[in-house]
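File shown: target_27.pdb (PDB, C-alpha atoms).
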MODEL        1
ATOM      1  CA  MET A  23      39.249  98.544  23.558
ATOM      2  CA  PRO A  24      35.619  99.389  22.613
ATOM      3  CA  GLU A  25      35.148 102.539  20.519
ATOM      4  CA  SER A  26      33.310 104.473  23.247
ATOM      5  CA  GLU A  27      36.081 103.661  25.726
ATOM      6  CA  GLU A  28      38.682 104.860  23.228
ATOM      7  CA  GLN A  29      36.731 108.101  22.811
ATOM      8  CA  ASP A  30      36.870 108.654  26.575
ATOM      9  CA  THR A  31      40.588 107.875  26.644
ATOM     10  CA  LEU A  32      41.165 110.262  23.746
ATOM     11  CA  GLN A  33      39.181 112.969  25.536
ATOM     12  CA  SER A  34      41.286 112.549  28.682
ATOM     13  CA  ALA A  35      44.521 112.437  26.689
ATOM     14  CA  SER A  36      43.646 115.629  24.820
ATOM     15  CA  GLN A  37      43.133 117.319  28.198
ATOM     16  CA  GLY A  38      46.690 116.468  29.209
ATOM     17  CA  ASP A  39      46.181 113.117  30.945
ATOM     18  CA  LEU A  40      49.515 111.351  30.354
ATOM     19  CA  GLU A  41      48.195 108.033  31.643
ATOM     20  CA  ALA A  42      45.397 108.108  29.063
ATOM     21  CA  PHE A  43      47.906 108.917  26.360
ATOM     22  CA  GLY A  44      49.973 105.978  27.598
ATOM     23  CA  VAL A  45      46.990 103.681  27.030
ATOM     24  CA  LEU A  46      46.694 104.915  23.438
ATOM     25  CA  TYR A  47      50.432 104.494  22.990
ATOM     26  CA  GLU A  48      50.302 100.858  24.164
ATOM     27  CA  LYS A  49      47.451 100.188  21.778
ATOM     28  CA  TYR A  50      49.039 101.682  18.674
ATOM     29  CA  VAL A  51      52.807 101.393  19.123
ATOM     30  CA  ASP A  52      53.099  98.032  17.314
ATOM     31  CA  ARG A  53      51.071  99.216  14.341
ATOM     32  CA  ILE A  54      53.005 102.449  13.934
ATOM     33  CA  PHE A  55      56.306 100.618  14.369
ATOM     34  CA  ASN A  56      55.381  98.122  11.638
ATOM     35  CA  TYR A  57      54.277 100.915   9.321
ATOM     36  CA  VAL A  58      57.494 102.865   9.849
ATOM     37  CA  TYR A  59      59.661  99.761   9.642
ATOM     38  CA  TYR A  60      58.310  98.683   6.268
ATOM     39  CA  ARG A  61      58.538 102.256   4.959
ATOM     40  CA  THR A  62      62.150 102.783   6.062
ATOM     41  CA  GLY A  63      63.601  99.276   5.868
ATOM     42  CA  ASN A  64      65.634  99.297   9.057
ATOM     43  CA  VAL A  65      64.914  98.775  12.729
ATOM     44  CA  HIS A  66      67.044 101.591  14.110
ATOM     45  CA  ASP A  67      65.279 104.333  12.144
ATOM     46  CA  ALA A  68      61.925 102.631  12.697
ATOM     47  CA  GLU A  69      62.421 102.912  16.465
ATOM     48  CA  ASP A  70      63.606 106.499  16.242
ATOM     49  CA  LEU A  71      60.725 107.587  14.012
ATOM     50  CA  THR A  72      58.106 105.628  15.982
ATOM     51  CA  ALA A  73      59.210 107.408  19.156
ATOM     52  CA  ARG A  74      58.997 110.744  17.345
ATOM     53  CA  VAL A  75      55.486 109.956  16.085
ATOM     54  CA  PHE A  76      54.254 109.509  19.647
ATOM     55  CA  TYR A  77      56.160 112.492  21.022
ATOM     56  CA  ARG A  78      54.676 114.640  18.304
ATOM     57  CA  ALA A  79      51.222 113.163  18.908
ATOM     58  CA  LEU A  80      51.575 113.929  22.625
ATOM     59  CA  HIS A  81      52.662 117.456  21.814
ATOM     60  CA  HIS A  82      49.677 118.073  19.520
ATOM     61  CA  ILE A  83      46.977 115.864  21.061
ATOM     62  CA  HIS A  84      45.155 118.947  22.413
ATOM     63  CA  THR A  85      44.511 119.992  18.789
ATOM     64  CA  TYR A  86      43.084 116.581  17.829
ATOM     65  CA  THR A  87      39.466 116.722  16.733
ATOM     66  CA  ASP A  88      37.341 113.671  16.043
ATOM     67  CA  ARG A  89      36.204 113.898  12.423
ATOM     68  CA  GLY A  90      34.786 110.396  12.320
ATOM     69  CA  VAL A  91      38.046 108.814  11.178
ATOM     70  CA  PRO A  92      39.943 106.405  13.445
ATOM     71  CA  PHE A  93      42.600 107.828  15.765
ATOM     72  CA  SER A  94      45.107 105.559  14.011
ATOM     73  CA  ALA A  95      44.589 107.604  10.809
ATOM     74  CA  TRP A  96      45.864 110.678  12.668
ATOM     75  CA  LEU A  97      48.915 108.748  13.903
ATOM     76  CA  TYR A  98      49.578 107.356  10.425
ATOM     77  CA  ARG A  99      49.425 110.902   9.048
ATOM     78  CA  ILE A 100      52.067 112.052  11.557
ATOM     79  CA  ALA A 101      54.186 108.994  10.718
ATOM     80  CA  HIS A 102      53.801 109.670   6.996
ATOM     81  CA  ASN A 103      55.035 113.270   7.415
ATOM     82  CA  LEU A 104      58.010 112.233   9.529
ATOM     83  CA  ILE A 105      58.935 109.496   7.043
ATOM     84  CA  ALA A 106      58.719 112.006   4.189
ATOM     85  CA  ASN A 107      61.158 114.274   6.089
ATOM     86  CA  TRP A 108      63.380 111.286   6.774
ATOM     87  CA  HIS A 109      63.489 110.316   3.077
ATOM     88  CA  ARG A 110      64.209 113.900   2.071
ATOM     89  CA  ASP A 111      67.049 114.202   4.595
ATOM     90  CA  ARG A 112      68.520 110.883   3.498
ATOM     91  CA  SER A 113      68.174 111.447  -0.219
ATOM     92  CA  ARG A 114      71.674 112.911  -0.169
ATOM     93  CA  HIS A 115      73.060 109.848   1.600
ATOM     94  CA  GLN A 116      73.368 106.215   0.673
ATOM     95  CA  GLU A 117      70.486 103.889   1.414
ATOM     96  CA  ILE A 118      70.914 101.585   4.410
ATOM     97  CA  PRO A 119      70.914  97.990   3.203
ATOM     98  CA  LEU A 120      68.092  95.730   4.283
ATOM     99  CA  SER A 121      70.646  93.376   5.833
ATOM    100  CA  GLU A 122      69.896  95.308   9.017
ATOM    101  CA  ALA A 123      66.363  94.016   8.933
ATOM    102  CA  PRO A 124      65.422  91.248  11.332
ATOM    103  CA  THR A 125      66.128  87.969   9.573
ATOM    104  CA  ILE A 126      63.219  85.637   9.058
ATOM    105  CA  HIS A 127      64.496  82.095   9.418
ATOM    106  CA  TYR A 128      63.102  79.532   7.037
ATOM    107  CA  LYS A 129      63.032  76.431   9.222
ATOM    108  CA  GLY A 130      64.314  73.253   7.680
ATOM    109  CA  ALA A 131      65.476  74.940   4.487
ATOM    110  CA  PRO A 132      69.056  74.275   3.319
ATOM    111  CA  LEU A 133      71.434  77.240   3.618
ATOM    112  CA  GLU A 134      71.449  78.091  -0.121
ATOM    113  CA  VAL A 135      67.670  77.961  -0.297
ATOM    114  CA  ALA A 136      67.368  80.101   2.822
ATOM    115  CA  LEU A 137      69.824  82.601   1.341
ATOM    116  CA  MET A 138      67.886  82.758  -1.930
ATOM    117  CA  GLN A 139      64.636  83.272  -0.036
ATOM    118  CA  THR A 140      66.216  86.092   1.986
ATOM    119  CA  GLN A 141      67.518  87.743  -1.200
ATOM    120  CA  GLU A 142      64.120  87.404  -2.833
ATOM    121  CA  ARG A 143      62.468  88.880   0.243
ATOM    122  CA  ASP A 144      64.886  91.815   0.292
ATOM    123  CA  SER A 145      64.405  92.593  -3.387
ATOM    124  CA  LEU A 146      60.611  92.459  -3.027
ATOM    125  CA  LEU A 147      60.772  94.770  -0.005
ATOM    126  CA  ARG A 148      62.959  97.162  -1.985
ATOM    127  CA  LEU A 149      60.402  97.205  -4.804
ATOM    128  CA  ILE A 150      57.603  97.842  -2.319
ATOM    129  CA  ARG A 151      59.531 100.763  -0.861
ATOM    130  CA  HIS A 152      59.795 102.296  -4.330
ATOM    131  CA  LEU A 153      56.011 102.392  -4.703
ATOM    132  CA  PRO A 154      54.177 105.668  -3.985
ATOM    133  CA  SER A 155      53.633 106.079  -0.230
ATOM    134  CA  GLU A 156      49.866 105.605  -0.474
ATOM    135  CA  ARG A 157      50.337 102.194  -2.113
ATOM    136  CA  GLN A 158      52.917 101.153   0.461
ATOM    137  CA  HIS A 159      50.472 102.156   3.182
ATOM    138  CA  LEU A 160      47.751 100.073   1.568
ATOM    139  CA  LEU A 161      49.962  96.971   1.351
ATOM    140  CA  ILE A 162      51.072  97.343   4.967
ATOM    141  CA  LEU A 163      47.490  97.672   6.208
ATOM    142  CA  LYS A 164      46.397  94.731   4.077
ATOM    143  CA  PHE A 165      49.195  92.246   4.770
ATOM    144  CA  VAL A 166      50.686  93.308   8.100
ATOM    145  CA  GLU A 167      47.518  94.505   9.828
ATOM    146  CA  HIS A 168      45.226  92.093   7.944
ATOM    147  CA  MET A 169      42.615  94.842   7.576
ATOM    148  CA  SER A 170      39.590  94.507   5.315
ATOM    149  CA  ASN A 171      39.104  96.921   2.407
ATOM    150  CA  ALA A 172      36.414  98.734   4.420
ATOM    151  CA  GLU A 173      38.764  99.223   7.401
ATOM    152  CA  ILE A 174      41.573 100.367   5.112
ATOM    153  CA  GLY A 175      39.156 102.803   3.506
ATOM    154  CA  GLU A 176      38.286 104.264   6.927
ATOM    155  CA  THR A 177      41.942 104.682   7.816
ATOM    156  CA  MET A 178      42.998 106.103   4.459
ATOM    157  CA  GLY A 179      39.919 108.257   3.941
ATOM    158  CA  ARG A 180      38.791 106.431   0.797
ATOM    159  CA  SER A 181      35.754 104.396  -0.169
ATOM    160  CA  GLU A 182      35.888 100.606  -0.116
ATOM    161  CA  GLY A 183      35.654 100.537  -3.922
ATOM    162  CA  ALA A 184      38.522 102.996  -4.262
ATOM    163  CA  VAL A 185      40.674 100.845  -1.972
ATOM    164  CA  LYS A 186      39.865  97.735  -4.013
ATOM    165  CA  SER A 187      40.788  99.515  -7.216
ATOM    166  CA  LEU A 188      43.992 100.977  -5.750
ATOM    167  CA  TYR A 189      44.960  97.543  -4.439
ATOM    168  CA  HIS A 190      44.509  95.967  -7.859
ATOM    169  CA  ARG A 191      46.528  98.707  -9.559
ATOM    170  CA  THR A 192      49.232  98.356  -6.899
ATOM    171  CA  LEU A 193      49.566  94.626  -7.525
ATOM    172  CA  LEU A 194      49.757  95.180 -11.271
ATOM    173  CA  ALA A 195      52.405  97.873 -10.826
ATOM    174  CA  LEU A 196      54.396  95.685  -8.460
ATOM    175  CA  ARG A 197      54.200  92.738 -10.817
ATOM    176  CA  GLY A 198      55.393  94.985 -13.656
ATOM    177  CA  GLU A 199      58.298  96.205 -11.497
ATOM    178  CA  MET A 200      59.223  92.634 -10.628
ATOM    179  CA  GLU A 201      59.233  91.560 -14.248
ATOM    180  CA  GLY A 202      61.295  94.638 -15.094
ATOM    181  CA  SER A 203      63.845  93.914 -12.372
ATOM    182  CA  VAL A 204      64.159  90.275 -13.514
ATOM    183  CA  LEU A 205      64.814  91.464 -17.057
ATOM    184  CA  GLU A 206      67.424  93.919 -15.777
ATOM    185  CA  GLU A 207      69.197  91.162 -13.861
ATOM    186  CA  GLU A 208      69.150  88.764 -16.809
ATOM    187  CA  PRO A 209      69.925  90.790 -19.949
ATOM    188  CA  GLY A 210      69.517  89.112 -23.304
TER     189      GLY A 210
ATOM    190  CA  MET B   1      35.684  85.090 -24.285
ATOM    191  CA  ASN B   2      37.871  83.368 -26.876
ATOM    192  CA  PRO B   3      40.264  80.641 -25.608
ATOM    193  CA  LYS B   4      43.389  82.776 -26.093
ATOM    194  CA  MET B   5      41.922  85.650 -24.066
ATOM    195  CA  LYS B   6      40.769  83.216 -21.371
ATOM    196  CA  GLN B   7      44.240  81.686 -21.188
ATOM    197  CA  PHE B   8      45.745  85.169 -20.856
ATOM    198  CA  ALA B   9      43.259  86.125 -18.115
ATOM    199  CA  ASP B  10      43.888  82.865 -16.227
ATOM    200  CA  ALA B  11      47.655  83.388 -16.386
ATOM    201  CA  SER B  12      47.205  86.940 -15.143
ATOM    202  CA  ILE B  13      45.049  85.825 -12.185
ATOM    203  CA  GLU B  14      47.584  83.126 -11.367
ATOM    204  CA  LYS B  15      50.424  85.677 -11.347
ATOM    205  CA  ILE B  16      48.457  88.034  -9.082
ATOM    206  CA  THR B  17      47.626  85.211  -6.668
ATOM    207  CA  SER B  18      51.268  84.153  -6.586
ATOM    208  CA  LEU B  19      52.286  87.772  -5.884
ATOM    209  CA  GLU B  20      49.734  87.989  -3.049
ATOM    210  CA  ASN B  21      51.194  84.812  -1.545
ATOM    211  CA  ARG B  22      54.690  86.250  -1.740
ATOM    212  CA  LEU B  23      53.534  89.508  -0.175
ATOM    213  CA  SER B  24      51.894  87.723   2.731
ATOM    214  CA  GLY B  25      55.173  85.848   3.253
ATOM    215  CA  VAL B  26      57.251  89.029   3.198
ATOM    216  CA  LEU B  27      55.017  91.550   4.959
ATOM    217  CA  ARG B  28      54.710  90.019   8.408
ATOM    218  CA  PRO B  29      53.973  91.795  11.673
ATOM    219  CA  ILE B  30      57.163  92.583  13.577
ATOM    220  CA  LYS B  31      57.258  93.119  17.317
ATOM    221  CA  PRO B  32      59.314  96.126  18.408
ATOM    222  CA  ARG B  33      61.876  95.484  21.156
ATOM    223  CA  LYS B  34      60.412  95.514  24.674
ATOM    224  CA  GLU B  35      63.168  97.864  25.924
ATOM    225  CA  PHE B  36      62.276 100.348  23.200
ATOM    226  CA  VAL B  37      58.514 100.180  23.895
ATOM    227  CA  HIS B  38      58.996 100.533  27.658
ATOM    228  CA  GLY B  39      61.580 103.285  27.244
ATOM    229  CA  VAL B  40      59.244 105.448  25.171
ATOM    230  CA  ALA B  41      56.318 104.672  27.493
ATOM    231  CA  HIS B  42      58.421 105.791  30.451
ATOM    232  CA  ARG B  43      59.423 109.025  28.720
ATOM    233  CA  ILE B  44      55.774 109.703  27.882
ATOM    234  CA  GLN B  45      54.668 109.092  31.480
ATOM    235  CA  THR B  46      57.373 111.323  32.907
ATOM    236  CA  GLY B  47      56.767 114.009  30.301
ATOM    237  CA  THR B  48      60.433 114.156  29.203
ATOM    238  CA  PRO B  49      60.012 113.923  25.430
ATOM    239  CA  ALA B  50      58.915 117.561  25.062
ATOM    240  CA  ALA B  51      62.552 118.665  24.998
ATOM    241  CA  PHE B  52      63.277 116.962  21.709
ATOM    242  CA  VAL B  53      59.901 117.130  20.023
ATOM    243  CA  ASP B  54      59.991 118.682  16.580
ATOM    244  CA  TYR B  55      63.679 119.457  16.625
ATOM    245  CA  VAL B  56      63.572 119.140  12.852
ATOM    246  CA  SER B  57      60.950 121.897  12.661
ATOM    247  CA  ASN B  58      63.044 124.077  14.998
ATOM    248  CA  TRP B  59      66.042 123.510  12.755
ATOM    249  CA  HIS B  60      63.968 124.630   9.773
ATOM    250  CA  ILE B  61      62.888 127.768  11.628
ATOM    251  CA  ILE B  62      66.522 128.602  12.446
ATOM    252  CA  ALA B  63      67.516 128.068   8.793
ATOM    253  CA  ILE B  64      64.673 130.343   7.619
ATOM    254  CA  LEU B  65      65.708 133.013  10.144
ATOM    255  CA  ILE B  66      69.342 132.922   8.999
ATOM    256  CA  ALA B  67      68.285 133.085   5.341
ATOM    257  CA  GLY B  68      65.984 136.011   6.192
ATOM    258  CA  LEU B  69      68.771 137.904   7.964
ATOM    259  CA  ILE B  70      71.155 137.380   5.030
ATOM    260  CA  SER B  71      68.474 138.580   2.573
ATOM    261  CA  LEU B  72      67.817 141.647   4.738
ATOM    262  CA  ALA B  73      71.532 142.452   4.879
ATOM    263  CA  VAL B  74      71.869 142.164   1.084
ATOM    264  CA  PHE B  75      68.746 144.303   0.599
ATOM    265  CA  LEU B  76      70.063 147.015   2.970
ATOM    266  CA  ALA B  77      73.461 146.990   1.213
ATOM    267  CA  VAL B  78      71.807 147.448  -2.202
ATOM    268  CA  VAL B  79      69.521 150.234  -0.951
ATOM    269  CA  GLY B  80      72.523 151.887   0.758
ATOM    270  CA  ARG B  81      74.567 151.814  -2.440
ATOM    271  CA  VAL B  82      71.684 153.236  -4.489
ATOM    272  CA  LEU B  83      71.214 156.102  -2.006
ATOM    273  CA  LEU B  84      74.950 156.799  -1.932
ATOM    274  CA  SER B  85      75.125 156.898  -5.707
ATOM    275  CA  PHE B  86      72.159 159.338  -5.835
ATOM    276  CA  LEU B  87      73.744 161.576  -3.216
ATOM    277  CA  GLY B  88      77.045 161.490  -5.090
ATOM    278  CA  LYS B  89      75.361 162.539  -8.355
ATOM    279  CA  LYS B  90      73.529 165.401  -6.611
ATOM    280  CA  ARG B  91      76.768 166.713  -5.148
ATOM    281  CA  ILE B  92      78.465 166.656  -8.577
ATOM    282  CA  ALA B  93      75.466 168.463 -10.126
TER     283      ALA B  93
ENDMDL
END

Would you write out, as structure tokens, the structure that this file holds?
Amino acid sequence: MPESEEQDTLQSASQGDLEAFGVLYEKYVDRIFNYVYYRTGNVHDAEDLTARVFYRALHHIHTYTDRGVPFSAWLYRIAHNLIANWHRDRSRHQEIPLSEAPTIHYKGAPLEVALMQTQERDSLLRLIRHLPSERQHLLILKFVEHMSNAEIGETMGRSEGAVKSLYHRTLLALRGEMEGSVLEEEPG
Amino acid sequence: MNPKMKQFADASIEKITSLENRLSGVLRPIKPRKEFVHGVAHRIQTGTPAAFVDYVSNWHIIAILIAGLISLAVFLAVVGRVLLSFLGKKRIA
């Protein structure tokens, strides 16, 4: 959808046009779902929270003002707040294991290898989910959405240079965490 | 750059590249279920979601109201006791 067309759709949606809001929903639902999924680690909560993001957006769309940032940034902000509430509410409960996550099948790999790859994937995802939310957001935009640093900067309200620097620091931190977790698993 | 430093830098770049490869293998786009996407779209079109929007916020408001009422009751009880004790002292005097 060209930017001018999206502006028109946004205008209509903010005036209560449900069909226009539906167009925005169709455009962004996958992105918000992916963001929420990788932040929560399970499909059930990702669906629940994604639905809430759009219900809340629909409820508040009349207050939306274009400040030169993409509409997706507004949706990500809503998602971020809902995820923060979700984490706070769940902090008293046990974490849902990532076994609920959709399994990625490694074609042609023997069972043991596939199992090891799944375990490795799960532990990496767990480490990612322990990063500060801003860094998780950056990794999701970079690897899931395949956005450039400039696009990420627009969405996150940072300069391209700041995104580059944050990305580098995130990788270093993640690498440090990985080395730490390997050492914890293999003492001595 | 001395050879040791160069070796260290090369190893570091290699590790980062390997981590990036692992991340691109792990962080893949996932398609939400069609039933879910259509279900939410339908609820948006029919305007039904308003009933359960922000129920968490409503719950917070209720909790704040209850806490406020309890605080008010405690405050009134304390003020009442203070007044009663003053009145009692005056009567004795």

- Item | Spatial neighbours of segment 181-189 of chain A, max dist 8 Å, only C-alpha atoms, sep filter under 2 positions, as a ChimeraX atom specification | /A:157,160-161,171-172,174-176,179,191-193

With the ChimeraX specification (/A :<9) & /B as the selection, what would be picked from this file? Answer as a CSV table (one decimal) with C-alpha atoms, in the frame of the given file, please.
chain,number,residue,atom,x,y,z
B,15,LYS,CA,50.4,85.7,-11.3
B,16,ILE,CA,48.5,88.0,-9.1
B,19,LEU,CA,52.3,87.8,-5.9
B,20,GLU,CA,49.7,88.0,-3.0
B,22,ARG,CA,54.7,86.2,-1.7
B,23,LEU,CA,53.5,89.5,-0.2
B,24,SER,CA,51.9,87.7,2.7
B,25,GLY,CA,55.2,85.8,3.3
B,26,VAL,CA,57.3,89.0,3.2
B,27,LEU,CA,55.0,91.6,5.0
B,28,ARG,CA,54.7,90.0,8.4
B,29,PRO,CA,54.0,91.8,11.7
B,30,ILE,CA,57.2,92.6,13.6
B,31,LYS,CA,57.3,93.1,17.3
B,32,PRO,CA,59.3,96.1,18.4
B,33,ARG,CA,61.9,95.5,21.2
B,36,PHE,CA,62.3,100.3,23.2
B,37,VAL,CA,58.5,100.2,23.9
B,40,VAL,CA,59.2,105.4,25.2
B,41,ALA,CA,56.3,104.7,27.5
B,42,HIS,CA,58.4,105.8,30.5
B,44,ILE,CA,55.8,109.7,27.9
B,45,GLN,CA,54.7,109.1,31.5
B,46,THR,CA,57.4,111.3,32.9
B,47,GLY,CA,56.8,114.0,30.3
B,49,PRO,CA,60.0,113.9,25.4
B,50,ALA,CA,58.9,117.6,25.1
B,52,PHE,CA,63.3,117.0,21.7
B,53,VAL,CA,59.9,117.1,20.0
B,54,ASP,CA,60.0,118.7,16.6
B,56,VAL,CA,63.6,119.1,12.9

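Near segment 83-85 of chain A, within 10 Å and counting only C-alpha atoms, sit Leu32, Gln33, Ser34, Ala35, Ser36, Gln37, Gly38, Phe43, Phe76, Tyr77 and Trp96 of chain A, not including residues fewer than 6 positions from it in the same chain.
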
For Phe93 of chain A, work out the shell of residues within 10 Å, counting all atoms listed in the file and skipping chain neighbours fewer than 4 positions away, then give it as a PDB file with C-alpha atoms, in the frame of the given file.
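So selection-v4.pdb came out as:
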ATOM      1  CA  GLU A  28      38.682 104.860  23.228  1.00  0.00           C
ATOM      2  CA  GLN A  29      36.731 108.101  22.811  1.00  0.00           C
ATOM      3  CA  LEU A  32      41.165 110.262  23.746  1.00  0.00           C
ATOM      4  CA  LEU A  46      46.694 104.915  23.438  1.00  0.00           C
ATOM      5  CA  TYR A  50      49.039 101.682  18.674  1.00  0.00           C
ATOM      6  CA  TYR A  86      43.084 116.581  17.829  1.00  0.00           C
ATOM      7  CA  THR A  87      39.466 116.722  16.733  1.00  0.00           C
ATOM      8  CA  ASP A  88      37.341 113.671  16.043  1.00  0.00           C
ATOM      9  CA  ARG A  89      36.204 113.898  12.423  1.00  0.00           C
ATOM     10  CA  LEU A  97      48.915 108.748  13.903  1.00  0.00           C
ATOM     11  CA  TYR A  98      49.578 107.356  10.425  1.00  0.00           C
ATOM     12  CA  THR A 177      41.942 104.682   7.816  1.00  0.00           C
TER      13      THR A 177
END

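The interatomic distance for the pair atom CA of His102 of chain A and atom CA of Ile66 of chain B works out to 28.0 Å.
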
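Between atom CA of Thr62 of chain A and atom CA of Ile64 of chain B the interatomic distance comes to 27.7 Å.
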
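The coordinates place atom CA of Ser170 of chain A at 16.2 Å from atom CA of Glu156 of chain A.
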
Mind rebuilding segment 67-81 of chain B with N, CA and C atoms and writing that out as a PDB file, in the frame of the given file?
ATOM      1  N   ALA B  67      68.464 132.680   6.741  1.00  0.00           N
ATOM      2  CA  ALA B  67      68.285 133.085   5.341  1.00  0.00           C
ATOM      3  C   ALA B  67      67.635 134.469   5.271  1.00  0.00           C
ATOM      4  N   GLY B  68      66.674 134.718   6.152  1.00  0.00           N
ATOM      5  CA  GLY B  68      65.984 136.011   6.192  1.00  0.00           C
ATOM      6  C   GLY B  68      66.942 137.136   6.549  1.00  0.00           C
ATOM      7  N   LEU B  69      67.805 136.877   7.537  1.00  0.00           N
ATOM      8  CA  LEU B  69      68.771 137.904   7.964  1.00  0.00           C
ATOM      9  C   LEU B  69      69.759 138.230   6.840  1.00  0.00           C
ATOM     10  N   ILE B  70      70.213 137.164   6.147  1.00  0.00           N
ATOM     11  CA  ILE B  70      71.155 137.380   5.030  1.00  0.00           C
ATOM     12  C   ILE B  70      70.478 138.208   3.929  1.00  0.00           C
ATOM     13  N   SER B  71      69.219 137.846   3.616  1.00  0.00           N
ATOM     14  CA  SER B  71      68.474 138.580   2.573  1.00  0.00           C
ATOM     15  C   SER B  71      68.316 140.043   2.965  1.00  0.00           C
ATOM     16  N   LEU B  72      67.995 140.274   4.245  1.00  0.00           N
ATOM     17  CA  LEU B  72      67.817 141.647   4.738  1.00  0.00           C
ATOM     18  C   LEU B  72      69.117 142.437   4.605  1.00  0.00           C
ATOM     19  N   ALA B  73      70.230 141.780   4.955  1.00  0.00           N
ATOM     20  CA  ALA B  73      71.532 142.452   4.879  1.00  0.00           C
ATOM     21  C   ALA B  73      71.854 142.828   3.434  1.00  0.00           C
ATOM     22  N   VAL B  74      71.601 141.898   2.507  1.00  0.00           N
ATOM     23  CA  VAL B  74      71.869 142.164   1.084  1.00  0.00           C
ATOM     24  C   VAL B  74      70.979 143.310   0.596  1.00  0.00           C
ATOM     25  N   PHE B  75      69.691 143.264   0.999  1.00  0.00           N
ATOM     26  CA  PHE B  75      68.746 144.303   0.599  1.00  0.00           C
ATOM     27  C   PHE B  75      69.214 145.686   1.100  1.00  0.00           C
ATOM     28  N   LEU B  76      69.615 145.740   2.392  1.00  0.00           N
ATOM     29  CA  LEU B  76      70.063 147.015   2.970  1.00  0.00           C
ATOM     30  C   LEU B  76      71.321 147.525   2.256  1.00  0.00           C
ATOM     31  N   ALA B  77      72.221 146.599   1.912  1.00  0.00           N
ATOM     32  CA  ALA B  77      73.461 146.990   1.213  1.00  0.00           C
ATOM     33  C   ALA B  77      73.126 147.589  -0.143  1.00  0.00           C
ATOM     34  N   VAL B  78      72.187 146.954  -0.867  1.00  0.00           N
ATOM     35  CA  VAL B  78      71.807 147.448  -2.202  1.00  0.00           C
ATOM     36  C   VAL B  78      71.155 148.822  -2.087  1.00  0.00           C
ATOM     37  N   VAL B  79      70.206 148.943  -1.144  1.00  0.00           N
ATOM     38  CA  VAL B  79      69.521 150.234  -0.951  1.00  0.00           C
ATOM     39  C   VAL B  79      70.541 151.315  -0.578  1.00  0.00           C
ATOM     40  N   GLY B  80      71.479 150.954   0.324  1.00  0.00           N
ATOM     41  CA  GLY B  80      72.523 151.887   0.758  1.00  0.00           C
ATOM     42  C   GLY B  80      73.352 152.381  -0.422  1.00  0.00           C
ATOM     43  N   ARG B  81      73.743 151.467  -1.274  1.00  0.00           N
ATOM     44  CA  ARG B  81      74.567 151.814  -2.440  1.00  0.00           C
ATOM     45  C   ARG B  81      73.807 152.734  -3.390  1.00  0.00           C
TER      46      ARG B  81
END
